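Trainee: If it helps, the file is called start.cif and holds mmCIF, C-alpha atoms:
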```cif
data_upload
loop_
_atom_site.label_atom_id
_atom_site.label_comp_id
_atom_site.auth_asym_id
_atom_site.auth_seq_id
_atom_site.Cartn_x
_atom_site.Cartn_y
_atom_site.Cartn_z
CA MET K 1 -37.58 70.01 57.14
CA ILE K 2 -39.52 70.86 60.31
CA SER K 3 -40.82 68.01 62.42
CA GLU K 4 -44.64 67.82 62.47
CA ILE K 5 -44.98 64.83 64.78
CA CYS K 6 -46.47 66.72 67.73
CA MET K 7 -47.51 69.97 66.11
CA PRO K 8 -51.26 70.73 66.05
CA PRO K 9 -52.49 70.58 62.41
CA GLY K 10 -53.63 74.20 62.46
CA ASP K 11 -50.13 75.34 63.42
CA ARG K 12 -48.18 73.52 60.73
CA GLU K 13 -48.47 76.42 58.33
CA LYS K 14 -47.25 79.09 60.77
CA ALA K 15 -43.89 80.63 59.88
CA VAL K 16 -42.97 81.32 63.51
CA PHE K 17 -43.48 78.68 66.16
CA ALA K 18 -41.28 78.05 69.18
CA LEU K 19 -39.31 74.82 68.88
CA PHE K 20 -40.37 73.78 72.38
CA ASP K 21 -43.96 73.34 71.14
CA ARG K 22 -42.91 71.09 68.27
CA LEU K 23 -41.26 68.45 70.40
CA CYS K 24 -42.73 65.21 71.73
CA TRP K 25 -41.59 64.97 75.34
CA ARG K 26 -41.23 61.58 77.04
CA ASP K 27 -40.98 60.83 80.74
CA PRO K 28 -37.44 59.48 81.22
CA VAL K 29 -38.67 57.48 84.23
CA ASN K 30 -41.58 55.49 82.79
CA ARG K 31 -41.32 56.33 79.06
CA THR K 32 -44.82 57.79 78.74
CA ALA K 33 -45.76 61.07 77.05
CA LEU K 34 -45.39 64.29 79.02
CA GLU K 35 -47.80 67.22 78.87
CA PRO K 36 -46.19 70.70 78.80
CA ILE K 37 -47.70 73.49 80.89
CA VAL K 38 -45.97 76.82 80.27
CA THR K 39 -46.68 79.70 82.64
CA ALA K 40 -44.31 82.32 81.18
CA ARG K 41 -42.27 82.76 78.00
CA THR K 42 -39.59 85.03 76.62
CA PRO K 43 -40.61 87.27 73.69
CA ALA K 44 -39.11 84.58 71.44
CA GLY K 45 -41.55 81.99 72.82
CA VAL K 46 -38.96 80.07 74.83
CA PRO K 47 -40.57 78.89 78.12
CA ILE K 48 -39.23 80.70 81.17
CA CYS K 49 -41.09 78.57 83.69
CA GLY K 50 -43.71 75.85 83.77
CA VAL K 51 -43.73 72.07 84.01
CA LEU K 52 -43.71 68.90 81.97
CA ARG K 53 -46.40 66.81 83.65
CA SER K 54 -47.05 63.10 83.52
CA PRO K 55 -50.81 62.83 82.74
CA GLY K 56 -52.78 61.05 85.42
CA LYS K 57 -49.96 61.32 87.94
CA SER K 58 -49.12 63.89 90.58
CA TYR K 59 -45.51 64.47 89.58
CA ALA K 60 -43.81 66.63 86.96
CA TYR K 61 -40.48 68.05 85.84
CA PRO K 62 -40.02 71.81 86.32
CA ILE K 63 -38.97 74.38 83.74
CA VAL K 64 -36.68 76.80 85.56
CA ASP K 65 -34.99 79.87 84.04
CA CYS K 66 -35.71 78.70 80.47
CA VAL K 67 -34.37 75.17 81.07
CA ALA K 68 -36.40 71.97 81.51
CA ARG K 69 -34.90 70.01 84.43
CA MET K 70 -35.35 66.41 83.30
CA THR K 71 -34.04 63.96 85.90
CA PRO K 72 -35.57 63.07 89.28
CA GLU K 73 -32.52 64.54 91.02
CA LEU K 74 -32.87 67.88 89.24
CA ALA K 75 -36.64 67.97 89.68
CA GLN K 76 -36.18 67.41 93.42
CA ARG K 77 -33.67 70.25 93.60
CA HIS K 78 -36.16 72.61 91.97
CA ALA K 79 -39.26 71.18 93.67
CA ALA K 80 -40.42 74.64 94.81
CA TRP K 81 -41.23 75.46 91.18
CA LEU K 82 -43.76 72.58 91.12
CA GLN K 83 -45.63 73.49 94.29
CA PRO K 84 -47.83 76.30 92.84
CA LEU K 85 -49.38 73.68 90.53
CA GLY K 86 -49.80 71.14 93.34
CA LEU K 87 -47.23 68.80 91.83
CA ARG K 88 -44.19 66.98 93.17
CA PRO K 89 -40.94 65.76 91.61
CA PRO K 90 -40.74 62.12 90.50
CA SER K 91 -38.87 59.63 92.63
CA ARG K 92 -35.82 57.96 91.13
CA ARG K 93 -37.64 54.61 91.04
CA GLU K 94 -41.15 55.84 90.29
CA ASP K 95 -41.77 53.04 87.81
CA GLY K 96 -39.40 50.32 86.74
CA GLU K 97 -35.63 50.00 86.99
CA MET K 98 -34.55 53.21 85.22
CA ASP K 99 -31.58 54.99 86.75
CA PHE K 100 -29.83 58.26 85.99
CA GLN K 101 -26.34 59.72 85.95
CA SER K 102 -25.89 62.25 88.74
CA GLU K 103 -25.00 65.87 88.04
CA ALA K 104 -22.07 65.47 90.47
CA THR K 105 -20.33 63.24 87.90
CA VAL K 106 -19.93 66.25 85.57
CA ASP K 107 -19.66 69.03 88.14
CA SER K 108 -16.16 70.00 86.98
CA PHE K 109 -17.48 70.70 83.47
CA GLY K 110 -20.14 73.02 84.87
CA PHE K 111 -17.47 74.93 86.80
CA GLN K 112 -15.24 75.05 83.73
CA TRP K 113 -17.83 76.48 81.36
CA GLU K 114 -19.12 78.98 83.88
CA TRP K 115 -15.54 80.20 84.28
CA ASN K 116 -14.85 80.43 80.53
CA SER K 117 -18.21 80.71 78.82
CA ALA K 118 -17.17 81.82 75.32
CA MET K 119 -14.04 79.94 74.32
CA ARG K 120 -14.61 78.76 70.76
CA SER K 121 -13.33 80.71 67.77
CA GLU K 122 -15.43 80.75 64.59
CA ALA K 123 -12.72 78.78 62.78
CA ASP K 124 -12.79 76.14 65.51
CA LEU K 125 -16.59 75.92 65.42
CA LEU K 126 -16.62 75.45 61.65
CA TRP K 127 -14.14 72.60 62.01
CA ARG K 128 -15.62 71.12 65.20
CA VAL K 129 -19.26 71.00 64.09
CA ALA K 130 -19.01 70.64 60.32
CA GLU K 131 -15.68 70.06 58.60
CA ARG K 132 -14.41 67.21 60.76
CA PHE K 133 -17.64 65.34 59.89
CA LYS K 134 -17.37 66.22 56.18
CA MET K 135 -20.40 68.52 56.52
CA THR K 136 -20.94 72.10 55.35
CA PRO K 137 -22.80 74.89 57.19
CA ALA K 138 -25.62 74.63 54.62
CA ASP K 139 -26.25 71.01 55.66
CA PHE K 140 -27.73 72.24 58.96
CA LYS K 141 -30.20 74.75 57.54
CA ASP K 142 -33.83 74.05 58.55
CA LYS K 143 -32.81 70.91 60.44
CA ILE K 144 -33.85 70.10 64.00
CA VAL K 145 -30.59 69.33 65.81
CA LEU K 146 -29.94 67.80 69.23
CA ASP K 147 -26.71 69.21 70.67
CA ALA K 148 -26.06 66.40 73.15
CA GLY K 149 -23.64 67.63 75.79
CA ALA K 150 -23.87 71.30 74.87
CA GLY K 151 -21.26 72.61 77.31
CA ALA K 152 -21.16 76.41 77.16
CA GLY K 153 -23.41 76.45 74.09
CA ASP K 154 -21.05 77.85 71.46
CA GLN K 155 -21.80 74.95 69.13
CA SER K 156 -25.54 75.42 69.68
CA ARG K 157 -25.21 79.11 68.85
CA TRP K 158 -23.23 78.31 65.70
CA LEU K 159 -25.87 75.80 64.58
CA LEU K 160 -28.62 78.38 65.12
CA ASP K 161 -26.64 80.86 63.04
CA GLN K 162 -26.64 78.33 60.18
CA GLY K 163 -30.44 78.19 60.23
CA ALA K 164 -30.90 75.08 62.36
CA ARG K 165 -33.35 74.66 65.24
CA VAL K 166 -31.47 73.39 68.26
CA VAL K 167 -32.18 71.50 71.47
CA SER K 168 -29.22 71.95 73.83
CA ILE K 169 -29.01 69.29 76.54
CA ASP K 170 -26.34 69.07 79.21
CA LEU K 171 -26.26 67.42 82.61
CA SER K 172 -23.99 70.03 84.18
CA SER K 173 -24.84 73.48 85.52
CA ALA K 174 -23.31 74.94 82.35
CA ILE K 175 -26.77 74.69 80.77
CA GLY K 176 -27.47 77.98 82.54
CA VAL K 177 -24.65 79.56 80.52
CA VAL K 178 -26.31 78.28 77.34
CA ALA K 179 -29.69 79.71 78.40
CA ASN K 180 -28.16 83.13 79.02
CA LYS K 181 -26.89 83.14 75.44
CA LEU K 182 -29.86 81.66 73.58
CA ARG K 183 -33.12 82.19 75.50
CA MET K 184 -34.19 84.95 73.09
CA ARG K 185 -34.09 82.69 70.01
CA ALA K 186 -37.35 80.94 69.08
CA GLY K 187 -35.49 78.03 67.50
CA TRP K 188 -33.84 77.01 70.74
CA VAL K 189 -34.77 74.71 73.66
CA GLY K 190 -32.69 74.16 76.80
CA VAL K 191 -32.70 70.91 78.77
CA GLN K 192 -30.69 69.84 81.79
CA GLY K 193 -30.71 66.08 81.64
CA ASP K 194 -28.97 62.77 81.19
CA ILE K 195 -28.21 61.92 77.55
CA THR K 196 -28.25 58.22 78.44
CA VAL K 197 -31.97 58.63 79.30
CA LEU K 198 -33.31 61.29 76.93
CA PRO K 199 -36.69 62.95 77.64
CA PHE K 200 -37.87 62.69 74.02
CA ALA K 201 -39.96 60.28 72.01
CA GLU K 202 -38.48 58.42 69.05
CA ASN K 203 -37.96 60.04 65.64
CA GLN K 204 -37.47 63.62 66.84
CA PHE K 205 -34.27 64.95 65.31
CA ASP K 206 -32.85 65.35 61.83
CA ILE K 207 -29.31 65.53 63.26
CA VAL K 208 -27.82 64.48 66.60
CA TYR K 209 -24.49 66.18 67.30
CA CYS K 210 -22.43 64.73 70.17
CA GLU K 211 -18.80 65.79 70.15
CA GLY K 212 -16.41 65.26 73.06
CA VAL K 213 -19.09 63.89 75.40
CA ILE K 214 -19.81 60.15 75.11
CA GLN K 215 -16.62 59.13 76.92
CA HIS K 216 -17.81 61.08 79.98
CA THR K 217 -21.14 59.24 80.32
CA ARG K 218 -21.67 56.19 82.52
CA ASN K 219 -21.80 53.82 79.52
CA SER K 220 -20.70 54.60 75.97
CA ALA K 221 -22.72 51.86 74.27
CA SER K 222 -26.00 52.77 75.96
CA THR K 223 -25.40 56.46 75.22
CA VAL K 224 -24.98 55.75 71.50
CA ARG K 225 -28.10 53.59 71.53
CA GLU K 226 -30.15 56.36 73.17
CA LEU K 227 -28.88 59.05 70.81
CA CYS K 228 -29.75 56.89 67.81
CA ARG K 229 -33.23 56.21 69.23
CA VAL K 230 -34.34 59.83 68.93
CA LEU K 231 -33.11 60.23 65.35
CA ARG K 232 -35.69 60.43 62.57
CA ARG K 233 -35.48 57.98 59.69
CA HIS K 234 -32.60 59.02 57.40
CA GLY K 235 -31.35 61.33 60.17
CA LEU K 236 -27.62 61.69 60.85
CA ILE K 237 -25.65 61.33 64.04
CA LEU K 238 -22.28 63.13 64.24
CA ALA K 239 -20.31 61.69 67.15
CA THR K 240 -16.82 61.40 68.58
CA HIS K 241 -15.17 59.45 71.38
CA TYR K 242 -11.75 59.57 73.03
CA ALA K 243 -9.57 57.16 71.07
CA LYS K 244 -7.08 54.56 72.16
CA SER K 245 -3.68 55.32 70.69
CA ARG K 246 -2.19 52.88 68.21
CA SER K 247 1.44 53.91 68.86
CA TRP K 248 3.57 53.13 71.90
CA LEU K 249 4.43 56.82 72.28
CA GLY K 250 0.76 57.78 72.22
CA ARG K 251 -0.10 55.08 74.77
CA ALA K 252 2.69 56.28 77.04
CA ALA K 253 1.47 59.89 76.84
CA LEU K 254 -2.07 58.74 77.60
CA ARG K 255 -0.94 56.78 80.67
CA TRP K 256 0.98 59.83 81.85
CA ARG K 257 -2.07 62.10 81.50
CA GLU K 258 -4.32 59.62 83.27
CA PHE K 259 -1.78 59.34 86.10
CA LEU K 260 -1.72 63.14 86.41
CA ARG K 261 -5.53 63.33 86.34
CA ARG K 262 -5.86 60.86 89.20
CA ARG K 263 -3.45 62.93 91.28
CA LEU K 264 -4.46 66.47 90.33
CA SER K 265 -8.22 66.01 90.43
CA ARG K 266 -8.26 64.95 94.10
CA GLY K 267 -7.87 68.45 95.49
CA ASP K 268 -9.82 71.68 95.56
CA ARG K 269 -11.02 72.88 92.14
CA TYR K 270 -9.43 76.30 92.60
CA LYS K 271 -6.10 74.67 93.36
CA LEU K 272 -6.52 72.60 90.19
CA LEU K 273 -7.33 75.79 88.29
CA TRP K 274 -4.08 77.33 89.56
CA LEU K 275 -2.03 74.22 88.74
CA THR K 276 -3.43 73.84 85.23
CA GLY K 277 -2.94 77.56 84.62
CA ASN K 278 0.73 77.15 85.40
CA LEU K 279 1.02 74.12 83.12
CA ALA K 280 -0.68 76.07 80.34
CA ALA K 281 1.68 79.02 80.85
CA PHE K 282 4.77 76.80 80.68
CA SER K 283 3.50 75.38 77.39
CA TYR K 284 4.32 78.74 75.76
CA VAL K 285 7.98 78.60 76.86
CA PRO K 286 10.33 77.64 73.99
CA LEU K 287 11.52 74.02 74.02
CA LEU K 288 9.75 73.22 77.32
CA GLY K 289 6.45 74.15 75.68
CA HIS K 290 7.13 71.75 72.81
CA VAL K 291 7.54 68.86 75.26
CA LEU K 292 4.49 69.85 77.34
CA ARG K 293 2.24 70.13 74.28
CA ARG K 294 3.20 66.63 73.18
CA THR K 295 2.80 65.00 76.57
CA THR K 296 0.81 67.03 79.09
CA VAL K 297 -0.99 70.15 77.85
CA PRO K 298 -3.78 70.06 75.20
CA TYR K 299 -3.02 72.77 72.63
CA TYR K 300 -5.04 73.48 69.47
CA ALA K 301 -3.82 75.68 66.63
CA LEU K 302 -7.38 76.89 65.89
CA MET K 303 -7.57 78.24 69.47
CA PRO K 304 -3.99 79.28 70.30
CA ASP K 305 -4.69 81.84 73.05
CA PHE K 306 -3.59 81.20 76.64
CA ARG K 307 -7.07 81.20 78.21
CA THR K 308 -8.25 78.48 75.81
CA THR K 309 -5.16 76.35 76.49
CA TRP K 310 -5.75 76.81 80.21
CA THR K 311 -9.41 75.76 79.89
CA ASN K 312 -8.52 72.68 77.85
CA THR K 313 -5.88 71.72 80.40
CA PHE K 314 -8.35 72.05 83.26
CA ASP K 315 -10.81 69.96 81.20
CA ALA K 316 -8.22 67.20 80.80
CA TYR K 317 -7.46 66.94 84.53
CA GLY K 318 -10.85 67.75 86.08
CA ASN K 319 -12.51 65.46 88.61
CA HIS K 320 -15.35 64.27 86.35
CA THR K 321 -16.29 60.71 87.20
CA TYR K 322 -16.14 58.98 83.82
CA GLN K 323 -13.47 59.07 81.16
CA ARG K 324 -12.73 56.16 78.85
CA TYR K 325 -11.03 55.39 75.55
CA VAL K 326 -12.09 53.03 72.77
CA SER K 327 -10.71 51.84 69.45
CA SER K 328 -12.34 52.88 66.19
CA GLU K 329 -13.68 49.34 65.80
CA GLU K 330 -15.23 49.38 69.26
CA PHE K 331 -16.86 52.72 68.65
CA TRP K 332 -18.52 51.62 65.40
CA ARG K 333 -19.71 48.43 67.09
CA PHE K 334 -21.85 50.59 69.42
CA PHE K 335 -23.73 51.90 66.38
CA GLU K 336 -24.17 48.42 64.95
CA GLU K 337 -25.59 47.27 68.27
CA ALA K 338 -28.02 50.23 68.27
CA GLY K 339 -29.57 48.79 65.09
CA LYS K 340 -30.78 50.39 61.85
CA MET K 341 -27.63 52.48 61.48
CA GLU K 342 -25.39 52.67 58.43
CA ARG K 343 -21.92 54.19 58.37
CA VAL K 344 -21.57 57.30 56.22
CA TYR K 345 -18.08 58.37 57.30
CA GLN K 346 -15.51 57.29 59.87
CA GLN K 347 -12.06 58.59 60.69
CA ASP K 348 -10.77 56.77 63.76
CA THR K 349 -13.35 57.63 66.47
CA VAL K 350 -15.07 60.37 64.49
CA ILE K 351 -18.26 58.90 63.03
CA VAL K 352 -21.18 59.99 60.86
CA ALA K 353 -23.97 57.41 60.73
CA ARG K 354 -27.43 57.47 59.15
CA LYS K 355 -30.60 55.88 60.52
CA THR K 356 -32.08 53.60 57.88
#
```
Could you render the structure as structure tokens?
Mentor:
Amino acid sequence: MISEICMPPGDREKAVFALFDRLCWRDPVNRTALEPIVTARTPAGVPICGVLRSPGKSYAYPIVDCVARMTPELAQRHAAWLQPLGLRPPSRREDGEMDFQSEATVDSFGFQWEWNSAMRSEADLLWRVAERFKMTPADFKDKIVLDAGAGAGDQSRWLLDQGARVVSIDLSSAIGVVANKLRMRAGWVGVQGDITVLPFAENQFDIVYCEGVIQHTRNSASTVRELCRVLRRHGLILATHYAKSRSWLGRAALRWREFLRRRLSRGDRYKLLWLTGNLAAFSYVPLLGHVLRRTTVPYYALMPDFRTTWTNTFDAYGNHTYQRYVSSEEFWRFFEEAGKMERVYQQDTVIVARKT
């Protein structure tokens, strides 16, 4: 079902309509409605440039290279795109006490996905987006989906291929990788922004998909609350979180990896790339590889190639600011605290919840 909340009545019957024009945008600073002004579009209708303006105020958020830049920090960086319209970027404290996570906290992810921009196999995507949540590809058809923490955009692309309309949001520079892949698809919108302060009004999305991301935000509970806020009634959230191990061996391996991350992530990113590449290579050596895969190197059977193992190893030891682990009980408690959420499925820290 297509959202009609912000669509002009005369356009509701049109078969083709860019997703961008269906959304209700909200100023993440003062929580008021934003007015879109688009100055150029791709042939698919995806905005190339323009602004999202706060009515009655002199500031706006720029749309740059098919991506809406939706934090004060990002708007300031791209302030030149606002000047032709006589607008300025918002200040961080324009109104109230709202704060934002800085792009620097996820800089290593941007570097990672720009380096390896097409990692996922189709088998992995089917499992990662659907099967692990007890969903089928058909469940996404005609749904408006928020891909929260889109990374390199492979999951967004897979969702579009299933017939969904997709908003890809990521705080890192990897959102440019996503735009390069998807800017020619009318059912796609790109946003660089903070998923703990989403630039959307309530009741926007049929499905919120957030896999492998929440543990890297500044606060897991507030992230879950914000993701649930933008769900429509009866909408589903599919979410994961890094899990605390229940076994002593698992806890020991986790402490070892966290010790390595603190040490390895201090240096130059290219040195880290070299180090993690060597670790990944050793994981393919008989016997030694068996030990490394159990203790040090992330290895997935659905993506067994060396470059993928290397990327996952760099991901594990990158210098991103936040990384935390919770129990399955703690993770579900975040959804209870968000309110109006019922549990549909849970396997450890993999959760499907419905907004009532």
Trainee: List the residues matched by the PyMOL selection byres ((chain K and resi 69) around 10) in the displayed structure as a list in words, ordered by chain and then by residue number.
Mentor: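 Against this file, the PyMOL selection byres ((chain K and resi 69) around 10) returns the residues Val51, Leu52, Ala60, Tyr61, Pro62, Ile63, Val64, Asp65, Cys66, Val67, Ala68, Met70, Thr71, Pro72, Glu73, Leu74, Ala75, Gln76, Arg77, His78, Ile169, Leu171, Gly190, Val191, Gln192, Gly193, Asp194 and Pro199 of chain K.
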Trainee: Can you tell me, as a list in words, what residues are no more than 9 Å from Gly339 (chain K) when counting all atoms listed in the file, ignoring any on the same chain fewer than 2 positions away?
Mentor: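 Neighbouring residues, sequence-local ones excluded: Arg225, Cys228, Phe335, Glu336, Glu337, Met341, Glu342 and Lys355 of chain K.
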Trainee: Between K:Ala338, K:Leu287, K:Leu126, K:Leu182, which residue has the minimum interatomic distance to Glu226 (chain K), considering only C-alpha atoms?
Mentor: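 Ranking K:Ala338, K:Leu287, K:Leu126, K:Leu182 by distance to Glu226 (chain K), first place goes to K:Ala338.
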Trainee: I need the residue set behind the PyMOL selection byres ((chain K and resi 348) around 12) for this file; please write it as a list of chain:residue names.
Mentor: K:Arg132, K:Phe133, K:Ala239, K:Thr240, K:His241, K:Tyr242, K:Ala243, K:Lys244, K:Ser245, K:Arg246, K:Tyr325, K:Val326, K:Ser327, K:Ser328, K:Glu329, K:Glu330, K:Phe331, K:Trp332, K:Tyr345, K:Gln346, K:Gln347, K:Thr349, K:Val350, K:Ile351, K:Val352
Trainee: Just the residues within 8 Å of region 149-158 of chain K, please, counting only C-alpha atoms, with nothing from its chain fewer than 6 positions along; format it as a list in words.
Mentor: Phe109, Gly110, Trp113, Glu114, Ser117, Ala118, Met119, Arg120, Leu125, Val129, Val166, Val167, Ser168, Ile169, Asp170, Leu171, Ser172, Ala174, Ile175, Val177, Val178, Lys181, Leu182, Ile195, Cys210, Glu211 and Val213 of chain K
Trainee: Using C-alpha atoms, can you export the residues from the last selection as a compact mmCIF listing (two decimals), in the coordinates of the input?
Mentor:
```
# COMPACT_ATOMS: atom_id res chain seq x y z
CA PHE K 109 -17.48 70.70 83.47
CA GLY K 110 -20.14 73.02 84.87
CA TRP K 113 -17.83 76.48 81.36
CA GLU K 114 -19.12 78.98 83.88
CA SER K 117 -18.21 80.71 78.82
CA ALA K 118 -17.17 81.82 75.32
CA MET K 119 -14.04 79.94 74.32
CA ARG K 120 -14.61 78.76 70.76
CA LEU K 125 -16.59 75.92 65.42
CA VAL K 129 -19.26 71.00 64.09
CA VAL K 166 -31.47 73.39 68.26
CA VAL K 167 -32.18 71.50 71.47
CA SER K 168 -29.22 71.95 73.83
CA ILE K 169 -29.01 69.29 76.54
CA ASP K 170 -26.34 69.07 79.21
CA LEU K 171 -26.26 67.42 82.61
CA SER K 172 -23.99 70.03 84.18
CA ALA K 174 -23.31 74.94 82.35
CA ILE K 175 -26.77 74.69 80.77
CA VAL K 177 -24.65 79.56 80.52
CA VAL K 178 -26.31 78.28 77.34
CA LYS K 181 -26.89 83.14 75.44
CA LEU K 182 -29.86 81.66 73.58
CA ILE K 195 -28.21 61.92 77.55
CA CYS K 210 -22.43 64.73 70.17
CA GLU K 211 -18.80 65.79 70.15
CA VAL K 213 -19.09 63.89 75.40
```
Trainee: On this structure, which residues satisfy the PyMOL selection byres ((chain K and resi 293) around 10), written as a short mmCIF file (atom, residue, chain, number, x, y, z; two decimals) with C-alpha atoms, in the frame of the given file?
Mentor:
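For reference, result31.cif as written:
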```cif
data_model
loop_
_atom_site.label_atom_id
_atom_site.label_comp_id
_atom_site.auth_asym_id
_atom_site.auth_seq_id
_atom_site.Cartn_x
_atom_site.Cartn_y
_atom_site.Cartn_z
CA LEU K 279 1.02 74.12 83.12
CA ALA K 280 -0.68 76.07 80.34
CA PHE K 282 4.77 76.80 80.68
CA SER K 283 3.50 75.38 77.39
CA TYR K 284 4.32 78.74 75.76
CA LEU K 288 9.75 73.22 77.32
CA GLY K 289 6.45 74.15 75.68
CA HIS K 290 7.13 71.75 72.81
CA VAL K 291 7.54 68.86 75.26
CA LEU K 292 4.49 69.85 77.34
CA ARG K 294 3.20 66.63 73.18
CA THR K 295 2.80 65.00 76.57
CA THR K 296 0.81 67.03 79.09
CA VAL K 297 -0.99 70.15 77.85
CA PRO K 298 -3.78 70.06 75.20
CA TYR K 299 -3.02 72.77 72.63
CA TYR K 300 -5.04 73.48 69.47
CA THR K 309 -5.16 76.35 76.49
#
```
Trainee: Which residues are near Arg307 (chain K)? Cut-off 10 Å, only C-alpha atoms, ignore same chain within fewer than 5 positions. Put them as number ranges by chain.
Mentor: K: 116, 119, 277, 280-281, 312-313
Trainee: As an exercise, work out the distance from CA of Gly163 (chain K) to CA of Asp142 (chain K) in Å and give it to one decimal place.
Mentor: 5.6 Å
Trainee: Pick the closest to Leu198 (chain K) from K:Gln215, K:Asn180, K:Ser91, K:Ser222: which is it, counting all atoms listed in the file?
Mentor: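 Among the listed residues, K:Ser222 lies closest to Leu198 (chain K).
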Trainee: Using only C-alpha atoms, which residue out of K:Val189, K:Leu272, K:Leu87, K:Leu160 lies closest to Pro137 (chain K)?
Mentor: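 Checking each candidate against Pro137 (chain K), we get K:Leu160 as the closest.
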Trainee: List as a ChimeraX atom specification the protein and nucleic acid residues near Lys143 (chain K), meaning an atom at most 10 Å away when only C-alpha atoms are counted, but skip any in the same chain fewer than 3 places from it.
Mentor: /K:1-3,138-140,146,159-160,162-166,205-207,235
Trainee: With all atoms listed in the file as the atoms that count, which of K:Arg269, K:Trp127, K:Asn219, K:Gly250 lies nearest to Leu302 (chain K)?
Mentor: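 Of all the options, K:Trp127 lies closest to Leu302 (chain K).
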Trainee: Give me, please, the distance in Å between CA of Ala253 (chain K) and CA of Gln323 (chain K), quoted to one decimal.
Mentor: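 These two atoms are separated by 15.6 Å.
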Trainee: Return the single residue from K:Tyr209, K:Tyr270, K:Asp161, K:Asp147 that is closest to Arg185 (chain K), with distances computed using all atoms listed in the file.
Mentor: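 For Arg185 (chain K), the nearest of the given residues is K:Asp161.
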Trainee: With all atoms listed in the file as the basis for distance, which of K:Ile37, K:Met303, K:Leu260, K:Ala353 is at the shortest distance from Leu85 (chain K)?
Mentor: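 Closest residue, counting all atoms listed in the file: K:Ile37.
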Trainee: Report, in Å to a single decimal, how far apart CA of Phe20 (chain K) and CA of Pro36 (chain K) are.
Mentor: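 Between these atoms lies a distance of 9.2 Å.
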